[in-house]
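Engineer: Below is the file final.txt, with compact mmCIF, C-alpha atoms and all ligand atoms.
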```txt
# COMPACT_ATOMS: atom_id res chain seq x y z
CA MET A 28 -43.65 -17.34 48.81
CA LEU A 29 -42.82 -16.89 52.46
CA THR A 30 -40.19 -19.08 53.97
CA ALA A 31 -39.48 -19.55 57.64
CA GLY A 32 -37.13 -17.23 59.43
CA PHE A 33 -38.20 -13.63 58.80
CA SER A 34 -38.70 -13.00 62.52
CA HIS A 35 -37.47 -13.88 65.98
CA LEU A 36 -38.15 -12.81 69.56
CA GLN A 37 -35.79 -10.27 71.03
CA CYS A 38 -35.45 -8.69 74.47
CA ILE A 39 -36.11 -4.93 74.45
CA ALA A 40 -33.50 -4.41 77.19
CA CYS A 41 -30.52 -6.78 76.74
CA GLY A 42 -31.12 -7.74 73.11
CA LYS A 43 -31.00 -11.49 73.66
CA ARG A 44 -32.70 -13.43 70.86
CA TYR A 45 -35.03 -16.40 71.03
CA ASP A 46 -36.68 -18.56 68.40
CA SER A 47 -40.13 -17.16 67.59
CA ARG A 48 -41.66 -20.61 68.13
CA GLU A 49 -40.54 -20.73 71.75
CA VAL A 50 -43.45 -20.13 74.17
CA ARG A 51 -41.97 -17.29 76.16
CA TYR A 52 -43.28 -13.91 77.31
CA HIS A 53 -40.23 -12.44 79.05
CA CYS A 54 -36.48 -12.54 78.59
CA GLU A 55 -34.27 -14.40 81.05
CA CYS A 56 -33.32 -10.95 82.34
CA GLY A 57 -37.00 -10.35 83.14
CA ASP A 58 -37.72 -7.67 80.54
CA LEU A 59 -40.28 -7.69 77.75
CA LEU A 60 -39.72 -9.37 74.41
CA GLU A 61 -40.74 -8.16 71.00
CA VAL A 62 -41.05 -9.79 67.61
CA THR A 63 -38.20 -8.45 65.49
CA HIS A 64 -38.42 -8.74 61.73
CA ASP A 65 -35.63 -8.90 59.20
CA LEU A 66 -36.87 -5.80 57.39
CA GLU A 67 -34.17 -5.88 54.73
CA ARG A 68 -35.12 -9.37 53.79
CA ILE A 69 -38.81 -8.42 53.71
CA ALA A 70 -37.98 -5.46 51.47
CA ARG A 71 -35.97 -7.68 49.10
CA ALA A 72 -38.78 -10.25 48.93
CA HIS A 73 -41.41 -7.55 48.36
CA PRO A 74 -39.91 -4.54 46.59
CA ASP A 75 -43.26 -2.75 46.27
CA LEU A 76 -45.21 -3.19 49.49
CA ARG A 77 -47.52 -0.25 48.78
CA GLU A 78 -48.60 -1.84 45.51
CA LEU A 79 -49.03 -5.23 47.22
CA PHE A 80 -51.20 -3.73 49.98
CA HIS A 81 -53.17 -1.70 47.48
CA ARG A 82 -53.99 -4.74 45.35
CA ARG A 83 -55.54 -6.46 48.38
CA LEU A 84 -58.08 -3.70 49.07
CA GLY A 85 -61.61 -4.85 48.41
CA LEU A 86 -60.79 -8.56 48.41
CA SER A 87 -63.04 -11.01 50.19
CA LEU A 88 -62.83 -14.68 51.18
CA THR A 89 -59.10 -14.67 51.81
CA PRO A 90 -57.12 -13.76 54.93
CA HIS A 91 -55.76 -10.83 52.91
CA ALA A 92 -59.25 -9.28 53.04
CA SER A 93 -58.58 -8.52 56.71
CA GLY A 94 -57.31 -5.10 57.73
CA VAL A 95 -54.64 -6.95 59.68
CA TRP A 96 -53.57 -9.64 57.22
CA ARG A 97 -53.52 -7.24 54.30
CA TYR A 98 -50.15 -6.42 55.89
CA HIS A 99 -49.21 -10.07 56.49
CA GLU A 100 -45.61 -9.50 55.37
CA MET A 101 -45.17 -6.84 58.09
CA ILE A 102 -47.21 -8.55 60.81
CA LEU A 103 -46.12 -12.20 61.05
CA PRO A 104 -44.38 -13.11 57.79
CA ASP A 105 -43.51 -16.60 59.07
CA LEU A 106 -47.15 -17.48 59.82
CA PRO A 107 -48.61 -19.67 57.05
CA LEU A 108 -51.86 -18.29 55.61
CA ALA A 109 -53.53 -21.62 56.42
CA ASP A 110 -53.04 -21.07 60.17
CA ILE A 111 -54.69 -17.65 60.21
CA VAL A 112 -57.84 -17.32 62.33
CA THR A 113 -59.67 -14.26 61.02
CA LYS A 114 -63.20 -12.87 60.99
CA PRO A 115 -61.96 -10.72 59.05
CA GLU A 116 -61.19 -7.74 61.31
CA GLY A 117 -59.93 -4.22 60.72
CA ASN A 118 -60.98 -2.24 57.64
CA THR A 119 -62.43 0.31 60.04
CA ASN A 120 -63.48 3.72 58.82
CA LEU A 121 -61.33 6.81 59.04
CA TYR A 122 -63.97 9.48 59.54
CA ARG A 123 -63.78 13.16 58.84
CA GLN A 124 -66.34 14.89 60.99
CA PRO A 125 -66.75 18.57 60.07
CA LEU A 126 -68.77 19.48 63.16
CA LEU A 127 -66.33 17.85 65.53
CA SER A 128 -63.36 19.34 63.65
CA ARG A 129 -64.83 22.78 64.12
CA ALA A 130 -65.50 22.15 67.81
CA PHE A 131 -61.85 21.14 68.23
CA ASP A 132 -60.58 23.95 65.99
CA LEU A 133 -58.71 21.46 63.81
CA GLU A 134 -58.69 21.59 60.03
CA ASN A 135 -57.66 17.99 59.51
CA LEU A 136 -59.10 15.76 62.20
CA TYR A 137 -59.54 12.06 61.41
CA LEU A 138 -61.32 9.55 63.61
CA LYS A 139 -60.08 5.96 63.27
CA HIS A 140 -63.10 4.09 64.63
CA GLU A 141 -61.82 0.79 65.97
CA GLY A 142 -65.23 0.14 67.52
CA GLU A 143 -66.17 -1.07 64.04
CA ASN A 144 -64.24 -4.30 64.54
CA PRO A 145 -66.16 -7.61 64.83
CA THR A 146 -66.32 -7.68 68.65
CA LEU A 147 -66.57 -3.87 68.72
CA SER A 148 -63.04 -3.01 69.87
CA PHE A 149 -59.51 -2.81 68.46
CA LYS A 150 -58.57 -5.89 70.51
CA ASP A 151 -59.64 -8.04 67.54
CA ARG A 152 -56.54 -6.92 65.64
CA GLY A 153 -54.18 -8.26 68.26
CA MET A 154 -56.26 -11.32 68.92
CA THR A 155 -56.37 -12.53 65.31
CA ALA A 156 -52.55 -12.52 65.46
CA GLY A 157 -52.31 -14.07 68.94
CA VAL A 158 -54.86 -16.84 68.38
CA SER A 159 -53.42 -17.61 64.92
CA TRP A 160 -49.98 -17.96 66.45
CA ALA A 161 -51.41 -20.16 69.23
CA ARG A 162 -52.92 -22.42 66.58
CA HIS A 163 -49.62 -22.40 64.67
CA LEU A 164 -47.86 -23.57 67.84
CA GLY A 165 -50.52 -26.22 68.45
CA MET A 166 -51.72 -24.71 71.75
CA LYS A 167 -55.13 -26.04 72.85
CA THR A 168 -55.94 -23.62 75.66
CA VAL A 169 -55.56 -19.85 75.58
CA ALA A 170 -56.11 -17.44 78.47
CA CYS A 171 -56.13 -13.75 79.32
CA ALA A 172 -56.93 -11.32 82.10
CA SER A 173 -59.12 -8.52 80.89
CA THR A 174 -60.94 -5.31 81.64
CA GLY A 175 -63.57 -6.68 79.25
CA ASP A 176 -62.60 -6.16 75.63
CA THR A 177 -59.59 -8.47 75.47
CA SER A 178 -61.67 -11.34 76.81
CA ALA A 179 -64.47 -10.68 74.32
CA ALA A 180 -61.99 -10.77 71.45
CA MET A 181 -60.06 -13.79 72.70
CA ALA A 182 -63.26 -15.76 73.29
CA ALA A 183 -64.52 -14.94 69.80
CA TYR A 184 -61.33 -16.03 68.03
CA ALA A 185 -60.78 -19.14 70.15
CA ALA A 186 -64.37 -20.15 69.34
CA GLN A 187 -63.42 -20.31 65.65
CA VAL A 188 -60.76 -22.98 66.19
CA GLU A 189 -61.85 -26.58 66.60
CA GLY A 190 -60.56 -27.99 69.87
CA MET A 191 -59.36 -24.65 71.31
CA GLN A 192 -60.64 -23.51 74.71
CA GLY A 193 -60.54 -19.92 75.91
CA VAL A 194 -60.18 -19.09 79.62
CA VAL A 195 -60.96 -15.59 80.81
CA PHE A 196 -59.94 -13.94 84.11
CA LEU A 197 -62.22 -10.97 84.86
CA PRO A 198 -62.43 -8.63 87.85
CA HIS A 199 -65.83 -9.51 89.33
CA ASP A 200 -68.48 -6.83 88.67
CA LYS A 201 -66.04 -4.46 86.96
CA VAL A 202 -66.84 -5.08 83.27
CA SER A 203 -69.89 -4.02 81.28
CA PRO A 204 -72.72 -6.52 80.62
CA GLU A 205 -71.99 -6.26 76.88
CA GLN A 206 -68.40 -7.31 77.45
CA LEU A 207 -69.29 -10.15 79.84
CA SER A 208 -72.02 -11.43 77.54
CA GLN A 209 -69.51 -11.83 74.72
CA ALA A 210 -67.04 -13.95 76.71
CA ILE A 211 -69.68 -16.33 78.06
CA SER A 212 -71.66 -16.53 74.81
CA TYR A 213 -68.58 -17.44 72.80
CA GLY A 214 -67.98 -20.34 75.18
CA ALA A 215 -64.95 -19.14 77.11
CA LYS A 216 -64.55 -20.53 80.61
CA THR A 217 -65.06 -17.27 82.48
CA LEU A 218 -63.63 -16.73 85.95
CA ALA A 219 -64.99 -13.69 87.80
CA LEU A 220 -62.49 -12.95 90.55
CA ALA A 221 -62.80 -10.77 93.63
CA THR A 222 -59.87 -8.54 92.64
CA ASP A 223 -59.05 -5.79 90.15
CA PHE A 224 -57.48 -6.15 86.70
CA ASP A 225 -53.96 -6.07 88.09
CA GLY A 226 -54.84 -8.93 90.44
CA CYS A 227 -56.30 -10.95 87.55
CA MET A 228 -53.16 -10.28 85.52
CA ARG A 229 -50.85 -11.62 88.22
CA LEU A 230 -52.95 -14.76 88.65
CA VAL A 231 -53.31 -15.59 84.96
CA SER A 232 -49.54 -15.21 84.51
CA GLU A 233 -48.93 -17.72 87.30
CA VAL A 234 -51.50 -20.15 85.91
CA CYS A 235 -49.96 -20.00 82.41
CA GLU A 236 -46.50 -20.48 83.88
CA LYS A 237 -47.62 -23.66 85.64
CA HIS A 238 -49.83 -25.24 82.98
CA PRO A 239 -49.67 -25.61 79.17
CA ILE A 240 -51.91 -22.60 78.59
CA TYR A 241 -51.01 -19.89 76.10
CA LEU A 242 -51.15 -16.40 77.61
CA LEU A 243 -52.79 -13.83 75.36
CA ASN A 244 -52.34 -10.62 77.29
CA SER A 245 -50.32 -7.89 75.69
CA MET A 246 -46.98 -9.16 77.03
CA ASN A 247 -47.61 -11.70 74.30
CA SER A 248 -45.56 -10.06 71.57
CA PHE A 249 -47.56 -11.63 68.75
CA ARG A 250 -50.66 -9.70 69.74
CA ILE A 251 -48.69 -6.47 69.48
CA GLU A 252 -47.82 -7.38 65.88
CA GLY A 253 -51.50 -7.59 64.97
CA GLN A 254 -52.26 -4.30 66.69
CA LYS A 255 -49.66 -2.51 64.59
CA SER A 256 -52.15 -2.68 61.75
CA ILE A 257 -54.25 0.20 63.17
CA GLY A 258 -51.47 2.60 62.28
CA LEU A 259 -50.62 0.90 58.99
CA GLU A 260 -54.25 0.96 57.89
CA ALA A 261 -54.64 4.63 58.85
CA LEU A 262 -51.50 5.43 56.83
CA GLN A 263 -52.82 3.56 53.81
CA GLN A 264 -56.16 5.39 54.14
CA LEU A 265 -54.18 8.65 54.15
CA ASN A 266 -52.38 7.50 50.98
CA TRP A 267 -49.16 6.97 52.99
CA GLN A 268 -48.93 10.61 54.02
CA ALA A 269 -48.04 10.47 57.70
CA PRO A 270 -50.26 12.73 59.85
CA ASP A 271 -48.65 15.16 62.30
CA TRP A 272 -50.17 13.37 65.29
CA PHE A 273 -51.68 10.11 66.43
CA VAL A 274 -53.70 10.40 69.65
CA VAL A 275 -54.45 7.21 71.57
CA PRO A 276 -55.83 6.27 75.02
CA VAL A 277 -53.38 4.34 77.23
CA GLY A 278 -54.19 1.52 79.64
CA ASN A 279 -51.78 -1.40 79.54
CA ALA A 280 -49.93 0.58 76.86
CA GLY A 281 -49.90 -2.29 74.36
CA ASN A 282 -51.73 -0.28 71.77
CA ILE A 283 -49.42 2.73 71.86
CA SER A 284 -46.40 0.40 71.81
CA ALA A 285 -47.78 -1.39 68.77
CA LEU A 286 -48.55 1.89 67.03
CA GLY A 287 -45.00 3.10 67.49
CA LYS A 288 -43.44 -0.17 66.37
CA GLY A 289 -45.54 -0.29 63.22
CA LEU A 290 -44.81 3.32 62.31
CA LEU A 291 -41.07 2.84 62.75
CA GLU A 292 -41.13 -0.22 60.53
CA ALA A 293 -43.24 1.61 57.95
CA ARG A 294 -40.60 4.34 57.94
CA GLN A 295 -37.74 1.83 57.63
CA LEU A 296 -39.48 0.08 54.75
CA GLY A 297 -40.02 3.39 52.97
CA LEU A 298 -43.83 3.34 53.19
CA ILE A 299 -43.76 6.79 54.81
CA ASP A 300 -41.00 9.36 54.70
CA ARG A 301 -41.40 10.95 58.12
CA LEU A 302 -42.63 10.00 61.57
CA PRO A 303 -45.69 11.55 63.19
CA ARG A 304 -45.76 12.56 66.85
CA ILE A 305 -47.76 10.46 69.31
CA ALA A 306 -49.92 11.60 72.23
CA GLY A 307 -50.92 9.03 74.86
CA ILE A 308 -53.88 9.94 77.06
CA GLN A 309 -54.84 8.49 80.44
CA THR A 310 -57.71 8.93 82.86
CA ALA A 311 -56.72 10.71 86.06
CA ALA A 312 -58.18 7.69 87.91
CA ALA A 313 -55.40 5.45 86.55
CA ASP A 314 -52.49 7.55 85.36
CA PRO A 315 -49.15 5.82 86.14
CA PHE A 316 -47.89 6.42 82.61
CA TYR A 317 -48.79 10.11 82.76
CA ARG A 318 -46.98 10.47 86.08
CA GLY A 319 -44.00 8.61 84.66
CA TRP A 320 -43.86 10.96 81.72
CA GLN A 321 -43.87 13.98 84.04
CA THR A 322 -40.63 12.68 85.53
CA ASP A 323 -39.11 11.80 82.13
CA PHE A 324 -39.74 8.11 82.85
CA ARG A 325 -36.84 8.13 85.29
CA GLU A 326 -38.60 5.41 87.25
CA LYS A 327 -41.50 3.09 86.57
CA ILE A 328 -44.56 4.31 88.43
CA VAL A 329 -47.34 2.00 89.63
CA VAL A 330 -50.61 3.25 91.14
CA THR A 331 -53.74 1.67 92.56
CA ALA A 332 -56.28 2.33 89.85
CA LYS A 333 -59.45 4.04 91.03
CA PRO A 334 -62.97 3.53 89.64
CA THR A 335 -63.52 5.30 86.33
CA LEU A 336 -66.10 5.30 83.54
CA ALA A 337 -63.15 4.48 81.28
CA SER A 338 -63.10 0.98 82.77
CA ALA A 339 -61.05 -0.56 79.92
CA ILE A 340 -58.06 1.53 81.01
CA ARG A 341 -58.47 1.16 84.75
CA ILE A 342 -54.94 -0.23 85.08
CA GLY A 343 -52.40 0.68 87.73
CA ALA A 344 -49.41 -1.32 86.47
CA PRO A 345 -49.30 -1.17 82.65
CA VAL A 346 -47.81 -4.34 81.19
CA SER A 347 -46.11 -2.57 78.26
CA TYR A 348 -44.90 0.44 80.24
CA GLU A 349 -41.26 0.30 79.07
CA LYS A 350 -42.14 -0.28 75.43
CA ALA A 351 -44.53 2.65 75.53
CA ALA A 352 -42.00 4.93 77.24
CA ARG A 353 -39.57 4.22 74.39
CA VAL A 354 -42.27 5.11 71.88
CA ILE A 355 -42.98 8.43 73.58
CA ARG A 356 -39.26 9.28 73.53
CA ARG A 357 -38.70 8.16 69.94
CA PHE A 358 -41.76 9.99 68.58
CA ASP A 359 -41.27 13.25 70.47
CA GLY A 360 -44.48 12.28 72.19
CA VAL A 361 -46.55 13.76 74.98
CA VAL A 362 -48.79 12.24 77.65
CA GLU A 363 -51.91 13.93 79.01
CA SER A 364 -54.46 13.01 81.65
CA VAL A 365 -58.18 13.85 81.79
CA THR A 366 -60.99 13.91 84.36
CA GLU A 367 -64.23 11.93 84.32
CA GLU A 368 -66.12 15.03 83.32
CA GLU A 369 -63.76 15.82 80.47
CA LEU A 370 -63.86 12.30 79.06
CA MET A 371 -67.66 12.06 79.20
CA ASP A 372 -68.15 15.46 77.59
CA ALA A 373 -65.73 14.53 74.80
CA LYS A 374 -67.49 11.21 74.27
CA ALA A 375 -70.84 13.00 74.16
CA ALA A 376 -69.49 15.50 71.62
CA ALA A 377 -68.38 12.70 69.29
CA ASP A 378 -71.62 10.78 69.77
CA ARG A 379 -73.57 13.93 69.01
CA CYS A 380 -71.85 13.99 65.58
CA GLY A 381 -73.08 10.47 64.87
CA VAL A 382 -69.95 8.59 65.87
CA ALA A 383 -70.76 6.28 68.80
CA VAL A 384 -67.68 5.83 70.95
CA CYS A 385 -66.85 4.32 74.33
CA PRO A 386 -65.69 6.32 77.38
CA ASN A 387 -62.11 5.13 76.78
CA SER A 388 -62.20 6.73 73.35
CA GLY A 389 -63.59 9.78 75.13
CA VAL A 390 -60.31 9.86 77.04
CA ALA A 391 -58.37 10.22 73.78
CA LEU A 392 -60.72 12.92 72.50
CA ALA A 393 -60.60 14.86 75.76
CA GLY A 394 -56.81 14.68 75.73
CA LEU A 395 -56.76 15.98 72.18
CA TRP A 396 -59.01 18.82 73.30
CA LYS A 397 -56.62 19.78 76.07
CA LEU A 398 -53.50 19.52 73.91
CA ARG A 399 -55.20 21.62 71.25
CA ALA A 400 -56.28 24.22 73.82
CA ALA A 401 -52.73 24.35 75.19
CA GLY A 402 -51.35 24.89 71.69
CA VAL A 403 -49.30 21.69 71.73
CA ILE A 404 -51.36 20.57 68.74
CA GLU A 405 -51.90 23.33 66.19
CA PRO A 406 -55.08 24.05 64.20
CA THR A 407 -53.51 23.25 60.82
CA GLN A 408 -51.93 19.98 61.89
CA THR A 409 -53.30 16.65 60.70
CA VAL A 410 -54.48 14.50 63.60
CA VAL A 411 -55.63 10.88 63.72
CA VAL A 412 -57.45 9.93 66.94
CA ILE A 413 -57.76 6.23 67.65
CA LEU A 414 -61.22 5.47 69.01
CA THR A 415 -60.77 2.12 70.67
CA ALA A 416 -64.26 0.67 71.12
CA HIS A 417 -67.87 1.23 70.17
CA GLY A 418 -70.35 3.16 72.28
CA ALA A 419 -72.73 0.20 72.05
CA LYS A 420 -70.35 -1.75 74.27
CA PHE A 421 -70.99 0.67 77.12
CA SER A 422 -74.64 1.52 76.44
CA ARG A 423 -75.62 1.86 80.10
CA ILE A 424 -73.21 4.76 80.50
CA GLY A 425 -74.70 6.53 77.47
CA VAL A 426 -78.22 6.13 78.81
CA GLU A 427 -77.34 7.25 82.33
CA TYR A 428 -75.43 10.26 81.03
CA HIS A 429 -78.30 11.49 78.87
CA THR A 430 -81.09 10.75 81.34
CA GLY A 431 -79.39 12.45 84.25
CA GLN A 432 -79.11 9.22 86.26
CA MET A 433 -75.38 9.59 86.62
CA ALA A 434 -74.36 10.85 90.03
CA ALA A 435 -71.08 12.14 88.65
CA PRO A 436 -69.89 13.64 86.43
CA ARG A 437 -72.44 16.34 85.79
CA THR A 438 -74.11 16.05 82.37
CA THR A 439 -73.57 19.19 80.32
CA SER A 440 -76.00 18.41 77.49
CA PRO A 441 -78.52 15.72 78.47
CA ASN A 442 -80.89 14.35 75.85
CA PRO A 443 -83.37 12.17 77.72
CA PRO A 444 -86.28 10.51 75.95
CA VAL A 445 -89.53 12.42 76.45
CA VAL A 446 -92.25 10.20 77.87
CA LEU A 447 -95.64 11.16 76.40
CA PRO A 448 -99.11 9.82 75.86
CA PRO A 449 -99.52 8.71 72.20
CA GLU A 450 -101.57 11.76 71.18
CA LEU A 451 -101.14 14.02 68.14
CA GLU A 452 -101.85 17.20 70.07
CA VAL A 453 -99.32 16.51 72.81
CA VAL A 454 -96.64 15.38 70.36
CA SER A 455 -97.18 18.46 68.18
CA ARG A 456 -96.78 20.77 71.15
CA VAL A 457 -93.59 19.06 72.32
CA LEU A 458 -92.15 19.32 68.78
CA GLY A 459 -92.82 23.05 68.85
CA PHE A 460 -95.84 23.20 66.54
CA ALA A 461 -99.27 24.62 67.27
CA PRO A 462 -101.58 21.75 68.19
C1 LIG B 1 -57.68 -2.27 75.83
C2 LIG B 1 -58.36 -1.00 75.61
C3 LIG B 1 -57.70 0.23 75.72
C4 LIG B 1 -56.28 0.36 76.17
O1 LIG B 1 -55.34 -0.23 75.31
P1 LIG B 1 -53.93 -0.64 75.93
O2 LIG B 1 -53.28 -1.41 74.87
O3 LIG B 1 -54.25 -1.48 77.13
O4 LIG B 1 -53.24 0.62 76.30
C5 LIG B 1 -58.39 1.39 75.42
N1 LIG B 1 -59.69 1.35 75.06
C6 LIG B 1 -60.36 0.19 74.96
C7 LIG B 1 -61.78 0.24 74.57
C8 LIG B 1 -59.73 -1.02 75.24
O5 LIG B 1 -60.43 -2.15 75.13
ZN ZN B 2 -33.13 -9.48 78.34
```
Take the structure from the file and write it as structure tokens.
Ligand SMILES: *Cc1c(COP(=O)(O)O)cnc(C)c1O
Ligand SMILES: [Zn+2]

Structural biologist:
Amino acid sequence: MLTAGFSHLQCIACGKRYDSREVRYHCECGDLLEVTHDLERIARAHPDLRELFHRRLGLSLTPHASGVWRYHEMILPDLPLADIVTKPEGNTNLYRQPLLSRAFDLENLYLKHEGENPTLSFKDRGMTAGVSWARHLGMKTVACASTGDTSAAMAAYAAQVEGMQGVVFLPHDKVSPEQLSQAISYGAKTLALATDFDGCMRLVSEVCEKHPIYLLNSMNSFRIEGQKSIGLEALQQLNWQAPDWFVVPVGNAGNISALGKGLLEARQLGLIDRLPRIAGIQTAAADPFYRGWQTDFREKIVVTAKPTLASAIRIGAPVSYEKAARVIRRFDGVVESVTEEELMDAKAAADRCGVAVCPNSGVALAGLWKLRAAGVIEPTQTVVVILTAHGAKFSRIGVEYHTGQMAAPRTTSPNPPVVLPPELEVVSRVLGFAP
């Protein structure tokens, strides 16, 4: 069985190591930490990881049934199974959508729909790891700043632990009702602050520095470990054949950092034999990472994020900027940026094929569209797009888009409900039949 000591915390810049049980989010030098695993030791302890992961498919009633903890040995091998707080999460579908593939002129397009997680976004994958680790450390209070989805996930997982209190820092009036309703319904103490996400982030960091509160934003390296499982699960669904591309929307850049870390480890452990390329997509309203990429990441760029329908990625100072920049370099990656109109049209195109996605996922799809049109991504290449949350979490936007209530962007293919008297003749006529 697992023994302690597979992992430690390590600075991504100076390499200094810390015990993984130390509550610490940054290195003494100020840079980000990451959980580093002794991969050789993991490989010795588990010579056939593919077989191990395969055997766990279809299980229920054990943490291994989760699409995160199926990969326990690669996520947090030192975490005892008994400490795991799971719903279970993950096990999201990898869709093939012929109509959408044709629209994008891609033969092998796969949609990894992370909106199918328990609180309807991929944040559950990081949060099961973060809250489990908090419980393992004996922390009683956990907190995060959020553009909506992180708080929903944190509140839901904290609610499962007896004696654990969640505290949520939200920008007042900048999250959807569906997101807000989750945090307050799950019992989190919810602070709505007259600032933006970046302001909430600064404040929650200070509060967690001063009080014994465990910070569960993505500078918490344990959350990143859980989020790695999106890539691992997609690889397993593809029978460990790496695609040519992963395409992912970028806000705080935790997700793209996690994706890259997981893929590198999968390569080192021999689960895959080559690395895919990675495309990170931003909204033009909040595009510091895109601008950084244009200058080869020579300097870290911070912007003031403007309003956008992709509210989950309205972030001007991405927390995991440096980690993500390394991933783009290592994976021969590209970064693209899209307009409000592009992201809504891409969302509508996916929805129209029966896959309900959020505007942030629309950002990834619109970026894919542009990269495909520019020939960066070729028609025969295999592409996995990570759709980060469910359309039902942003239902107002869907309704406004299709009923023409949206001031901007312009709706290209509205589908409003037709209001009619309940009469056979009228209905027949509207459906195109003779009355
Ligand atoms: C958090 C979030 C993102 C951005 O992920 P980062 O890790 O912050 O880059 C994208 N889409 C949705 C729906 C999210 O909740
Ligand atoms: Zn350091």

Engineer: Please find the residues contacting ligand ZN 2 (chain B) at a distance of at most 8 Å between atoms, with all atoms listed in the file counted, and report them as a PyMOL selection string.

Structural biologist: chain A and resi 37-43+53-60

Engineer: Given a cut-off of 7 Å, what residues near ligand LIG 1 (chain B) show up using only C-alpha atoms and all ligand atoms, put as a PyMOL selection string?

Structural biologist: chain A and resi 148-150+175-177+276-283+339-340+385+387-388+415-416

Engineer: Rounded to one decimal place, report the CA of Ala377 (chain A)-CA of Asn118 (chain A) distance in Å.

Structural biologist: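 Between these atoms lies a distance of 20.3 Å.
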
Engineer: Using only C-alpha atoms, which residues sit within 12 Å of Gln408 (chain A) once same-chain residues fewer than 4 positions away are excluded, as a list in words?

Structural biologist: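 Near neighbours after the sequence-gap exclusion: Ser128, Phe131, Asp132, Leu133, Glu134, Asn135, Leu136, Tyr137, Ala269, Pro270, Asp271, Trp272, Phe273, Pro303, Arg304, Arg399, Gly402, Val403 and Ile404 of chain A.
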
Engineer: Save the residues we just selected, C-alpha atoms, as a compact mmCIF listing (two decimals), in the frame of the given file?

Structural biologist:
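File produced: out-v9.txt:
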```txt
# COMPACT_ATOMS: atom_id res chain seq x y z
CA SER A 128 -63.36 19.34 63.65
CA PHE A 131 -61.85 21.14 68.23
CA ASP A 132 -60.58 23.95 65.99
CA LEU A 133 -58.71 21.46 63.81
CA GLU A 134 -58.69 21.59 60.03
CA ASN A 135 -57.66 17.99 59.51
CA LEU A 136 -59.10 15.76 62.20
CA TYR A 137 -59.54 12.06 61.41
CA ALA A 269 -48.04 10.47 57.70
CA PRO A 270 -50.26 12.73 59.85
CA ASP A 271 -48.65 15.16 62.30
CA TRP A 272 -50.17 13.37 65.29
CA PHE A 273 -51.68 10.11 66.43
CA PRO A 303 -45.69 11.55 63.19
CA ARG A 304 -45.76 12.56 66.85
CA ARG A 399 -55.20 21.62 71.25
CA GLY A 402 -51.35 24.89 71.69
CA VAL A 403 -49.30 21.69 71.73
CA ILE A 404 -51.36 20.57 68.74
```

Engineer: Choose the residue, out of A:Leu121, A:Leu242, A:Ala186, A:Leu336, that has the smallest atom-to-atom separation from Val169 (chain A); count all atoms listed in the file.

Structural biologist: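 Ranking A:Leu121, A:Leu242, A:Ala186, A:Leu336 by distance to Val169 (chain A), first place goes to A:Leu242.
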
Engineer: Show me, as an NGL selection string, the residues that have an atom within 8 Å of Tyr98 (chain A) when counting all atoms listed in the file, minus same-chain residues fewer than 4 positions from it.

Structural biologist: :A and (80 or 91 or 94 or 102 or 256 or 259)

Engineer: With all atoms listed in the file as the counted atoms, please give the residues lying no more than 9 Å from Thr146 (chain A), apart from itself and same-chain residues fewer than 6 positions off, as an mmCIF file with C-alpha atoms, keeping the file's coordinate frame.

Structural biologist:
```cif
data_model
loop_
_atom_site.group_PDB
_atom_site.id
_atom_site.type_symbol
_atom_site.label_atom_id
_atom_site.label_comp_id
_atom_site.auth_asym_id
_atom_site.auth_seq_id
_atom_site.Cartn_x
_atom_site.Cartn_y
_atom_site.Cartn_z
ATOM 1 C CA GLU A 116 -61.190 -7.740 61.310
ATOM 2 C CA ASP A 176 -62.600 -6.160 75.630
ATOM 3 C CA ALA A 179 -64.470 -10.680 74.320
ATOM 4 C CA ALA A 180 -61.990 -10.770 71.450
ATOM 5 C CA ALA A 183 -64.520 -14.940 69.800
ATOM 6 C CA GLN A 209 -69.510 -11.830 74.720
ATOM 7 C CA ALA A 416 -64.260 0.670 71.120
#
```

Engineer: Go through A:Tyr52, A:Tyr428, A:Phe224, A:Phe249 and flag the residue nearest Val195 (chain A), using all atoms listed in the file for the distances.

Structural biologist: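 Smallest separation from Val195 (chain A) among the options: A:Phe224.
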
Engineer: I'd like to know which of A:Ala461, A:Ala172, A:Met181, A:Ile305 is closest to Ile342 (chain A), using all atoms listed in the file.

Structural biologist: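 Of A:Ala461, A:Ala172, A:Met181, A:Ile305, the one nearest Ile342 (chain A) is A:Ala172, counting all atoms listed in the file.
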